[in-house]
Amino acid sequence: MRQRILVSALGAGALAVAGLTAQGAVAAPTTPSTVGKHAVKVCSAAKARHTASCHALKLVDAAGVAPTSTAPPATGLTPSGLRDAYKLNGLSAGGRTVAIVDAYGYPNLERDLGVYRSQFGLSACTTANGCLRIIDQNGGTSLPRFNAGWAGEQALDVDAVSAAAPDAKIVVVQAKSASFADLGAAVVTASKQAGVVAISNSYGGGDASDASYGQYYNHPGIAVTASTGDDGYQGGSYPASSSYTTAVGGTSLVAASNSRGWSETVWAGAGSGCSSYNTALSAAASFGTGCSKRAMADVSAAADPGKGGMAIYYPTSKTASTWAQFGGTSEAAPIIAAVYALSGTTSGYANALPYAHPGSLFDVTSGSNGSCPTTQWCNARTGWDGPTGLGTPNGAAAF
């Protein structure tokens, strides 16, 4: 896999290109609000074939630390900001459930989610009131061991769903490892839970074949979202490269003095590319992807840790938690899953729905995530492009 290409704002309109460090550090925008900050990977890189890593990134200071804080970072995207940016106010999930699949355990998930929702005035979502469930990959209560990185991913996921669709129910399915087989088994379990209309998968590994793993993600009538990764243009990344999932890319999202009130460009880290194995979506046939097989992304949402990264409450250890600013396409996948829950229309293969309603999305037409042999695979343009797909939610009409 090529080295990650990353773009960092050095001043008004100035750009610089930097590489991925050995520590997984990502250059973040150096604006007055994020001076001295950069982003680091929350999860360790996958070490084995057909094993996934989570795609969450955390903003840290020059020393590589996210200081403990009793309040959300002022630069972080809030629930009200997210819903305004994507015009989700007034929409309801109507009791529908979003499932979140991740690896390993997170003992204080319910407590930390309560802190997040209380901070932003969202209704309580607890196991007692039936809003929240946490189960293992087989549907039971033998929850796996704690892993700090993947627990941080879970915190981002449940906070993102809460922000986008505050009245959605949430079920978290924790796989016992980050292998494709265990995560896939957790997806199947998620698909069997009552009320589930969307399943968010904020992880990925190398490109893989649906012939081997598609059985886990093939759930007509349920929107299965998957983040495309944080390595820029790179080719396929599974399960986003599956023909059965909605592949979710990433943007940089900032407030703006325009009619929408927000502006979006390609986030330089957003994954994109063509699968070497899986069938192209028939729904995408007229959109000029340039891929002979499955193209990613389909749609996108905020992912840049410094420009649109969410303020979340996450665990620093098995017992302690604090506030920080998180991003990555791990932020985008649960946002899109929540928008599917708000739409209530996930019949058939839900990844086809945005292609039938491209005019109901905010088209992202500027920015790049690297260099590529076919322009639209790594450069934004009008219509479909690799980093952002067809665009970002403008309400839920496209889903």
# chains A, B, ... in the order shown; residues from 1 in each chain; ligands from 1

$ residues_around --residues "A:Ser242" --least-positions-apart "3" --cutoff "9 Å" --atoms "only C-alpha atoms" --output "number ranges by chain"
A: 207-210, 213-214, 217, 236-239, 245-247, 275, 277-279, 294

$ closest_atom_pairs --of "stretch 288-367 of chain A" --to "stretch 64-68 of chain A" --cutoff "10 Å" --atoms "only C-alpha atoms" --output "Markdown table"
| residue | atom | partner | partner_atom | distance |
| --- | --- | --- | --- | --- |
| A:Thr316 | CA | A:Thr68 | CA | 9.0 |
| A:Ala320 | CA | A:Thr68 | CA | 9.9 |
| A:Ser321 | CA | A:Thr68 | CA | 8.3 |
| A:Thr322 | CA | A:Thr68 | CA | 5.7 |
| A:Trp323 | CA | A:Thr68 | CA | 6.8 |
| A:Ala324 | CA | A:Ala66 | CA | 6.6 |
| A:Gln325 | CA | A:Ala66 | CA | 8.6 |

$ write_last_selection --atoms "N, CA and C atoms" --output "JSON list (two decimals), in the first residue's frame"
[["chain", "number", "residue", "atom", "x", "y", "z"],
["A", 316, "THR", "N", -9.86, 6.57, 28.15],
["A", 316, "THR", "CA", -8.40, 6.57, 28.09],
["A", 316, "THR", "C", -7.81, 5.32, 28.74],
["A", 320, "ALA", "N", -11.12, 5.10, 33.16],
["A", 320, "ALA", "CA", -11.17, 6.57, 33.04],
["A", 320, "ALA", "C", -11.55, 7.00, 31.63],
["A", 321, "SER", "N", -12.25, 8.13, 31.54],
["A", 321, "SER", "CA", -12.67, 8.68, 30.25],
["A", 321, "SER", "C", -12.54, 10.20, 30.27],
["A", 322, "THR", "N", -12.51, 10.80, 29.08],
["A", 322, "THR", "CA", -12.38, 12.25, 28.97],
["A", 322, "THR", "C", -12.89, 12.70, 27.61],
["A", 323, "TRP", "N", -12.81, 14.01, 27.36],
["A", 323, "TRP", "CA", -13.24, 14.59, 26.09],
["A", 323, "TRP", "C", -12.06, 14.74, 25.13],
["A", 324, "ALA", "N", -12.33, 14.61, 23.85],
["A", 324, "ALA", "CA", -11.34, 14.88, 22.82],
["A", 324, "ALA", "C", -12.07, 15.10, 21.50],
["A", 325, "GLN", "N", -11.30, 15.39, 20.47],
["A", 325, "GLN", "CA", -11.86, 15.61, 19.13],
["A", 325, "GLN", "C", -11.43, 14.47, 18.23]]

$ closest_residue --among "A:Ile135, A:Ile222, A:Gly367, A:Ala74" --to "A:Val196" --atoms "only C-alpha atoms"
A:Ile222

$ select_by_dssp --residues "stretch 145-278 of chain A" --states "strand (DSSP E)" --output "number ranges by chain"
A: 169-175, 196-201, 203-204, 223-227, 246-255, 262-266, 273-274

$ closest_residue --among "A:Leu132, A:Ser142, A:Ala397, A:Ala71" --to "A:Leu342" --atoms "only C-alpha atoms"
A:Ala397

$ atom_distance --atom1 "atom CA of A:Leu390" --atom2 "atom CA of A:Thr78"
24.3 Å

$ residues_around --residues "stretch 172-175 of chain A" --least-positions-apart "5" --cutoff "10 Å" --atoms "only C-alpha atoms" --output "JSON, numbers by chain"
{"A": [98, 99, 100, 101, 102, 103, 104, 105, 106, 109, 132, 133, 134, 135, 136, 137, 138, 139, 140, 141, 142, 143, 144, 145, 150, 151, 154, 157, 158, 180, 181, 182, 183, 184, 185, 186, 187, 188, 189, 190, 199, 200]}

$ residues_around --residues "A:Thr375" --least-positions-apart "5" --cutoff "12 Å" --atoms "only C-alpha atoms" --output "list in words"
Tyr233, Ser272, Gly273, Gly288, Thr289, Gly290, Cys291, Gly367, Ser368, Asn369, Gly370, Ala380, Arg381, Trp384, Asp385, Gly386 and Pro387 of chain A

$ closest_residue --among "A:Gly328, A:Gly130, A:Gly205, A:Pro354" --to "A:Ala301" --atoms "only C-alpha atoms"
A:Gly328

$ residues_around --residues "A:Ile335" --least-positions-apart "3" --cutoff "10 Å" --atoms "only C-alpha atoms" --output "PyMOL selection string"
chain A and resi 82-83+86+157-165+200+225+248+300-302+329-332+338-341+393

$ residues_around --residues "A:Ser347" --least-positions-apart "3" --cutoff "8 Å" --atoms "only C-alpha atoms" --output "list in words"
Pro220, Gly221, Ile222 and Ala350 of chain A

$ write_last_selection --atoms "all heavy atoms" --output "compact mmCIF listing (two decimals), in the first residue's frame"
# COMPACT_ATOMS: atom_id res chain seq x y z
N PRO A 220 -30.24 -7.58 2.41
CA PRO A 220 -31.22 -6.70 1.78
C PRO A 220 -32.24 -6.21 2.80
O PRO A 220 -32.67 -6.96 3.68
CB PRO A 220 -31.88 -7.61 0.74
CG PRO A 220 -30.90 -8.71 0.50
CD PRO A 220 -30.19 -8.91 1.80
N GLY A 221 -32.60 -4.94 2.69
CA GLY A 221 -33.54 -4.34 3.63
C GLY A 221 -32.87 -3.66 4.80
O GLY A 221 -33.53 -2.97 5.58
N ILE A 222 -31.56 -3.85 4.95
CA ILE A 222 -30.77 -3.19 6.00
C ILE A 222 -29.63 -2.43 5.33
O ILE A 222 -28.94 -2.99 4.47
CB ILE A 222 -30.21 -4.20 7.01
CG1 ILE A 222 -31.34 -4.92 7.74
CG2 ILE A 222 -29.28 -3.52 8.01
CD1 ILE A 222 -30.86 -6.03 8.68
N ALA A 350 -29.54 -1.06 0.03
CA ALA A 350 -29.62 0.36 0.35
C ALA A 350 -28.53 1.19 -0.32
O ALA A 350 -28.67 2.40 -0.45
CB ALA A 350 -29.56 0.55 1.87

$ atom_distance --atom1 "atom CA of A:Ile170" --atom2 "atom CA of A:Asn201"
13.5 Å

$ decode --residues "stretch 111-135 of chain A" --atoms "C-alpha atoms" --output "JSON list (two decimals), in the first residue's frame"
[["chain", "number", "residue", "atom", "x", "y", "z"],
["A", 111, "ARG", "CA", -21.74, 5.46, 31.30],
["A", 112, "ASP", "CA", -19.71, 7.42, 28.75],
["A", 113, "LEU", "CA", -22.58, 7.65, 26.28],
["A", 114, "GLY", "CA", -24.66, 9.09, 29.11],
["A", 115, "VAL", "CA", -22.07, 11.80, 29.72],
["A", 116, "TYR", "CA", -22.04, 12.72, 26.02],
["A", 117, "ARG", "CA", -25.78, 12.85, 25.62],
["A", 118, "SER", "CA", -26.29, 14.79, 28.84],
["A", 119, "GLN", "CA", -23.65, 17.35, 27.83],
["A", 120, "PHE", "CA", -25.51, 18.17, 24.63],
["A", 121, "GLY", "CA", -29.05, 17.95, 25.97],
["A", 122, "LEU", "CA", -29.97, 14.68, 24.27],
["A", 123, "SER", "CA", -32.45, 12.28, 25.87],
["A", 124, "ALA", "CA", -31.04, 9.42, 27.93],
["A", 125, "CYS", "CA", -30.15, 6.27, 25.98],
["A", 126, "THR", "CA", -29.68, 3.43, 28.46],
["A", 127, "THR", "CA", -30.06, -0.31, 28.73],
["A", 128, "ALA", "CA", -32.78, 0.30, 31.33],
["A", 129, "ASN", "CA", -34.98, 2.40, 29.04],
["A", 130, "GLY", "CA", -34.48, 0.08, 26.07],
["A", 131, "CYS", "CA", -32.60, 2.57, 23.92],
["A", 132, "LEU", "CA", -29.21, 0.83, 24.23],
["A", 133, "ARG", "CA", -28.10, -2.80, 24.02],
["A", 134, "ILE", "CA", -24.57, -4.19, 24.14],
["A", 135, "ILE", "CA", -24.04, -7.80, 23.03]]
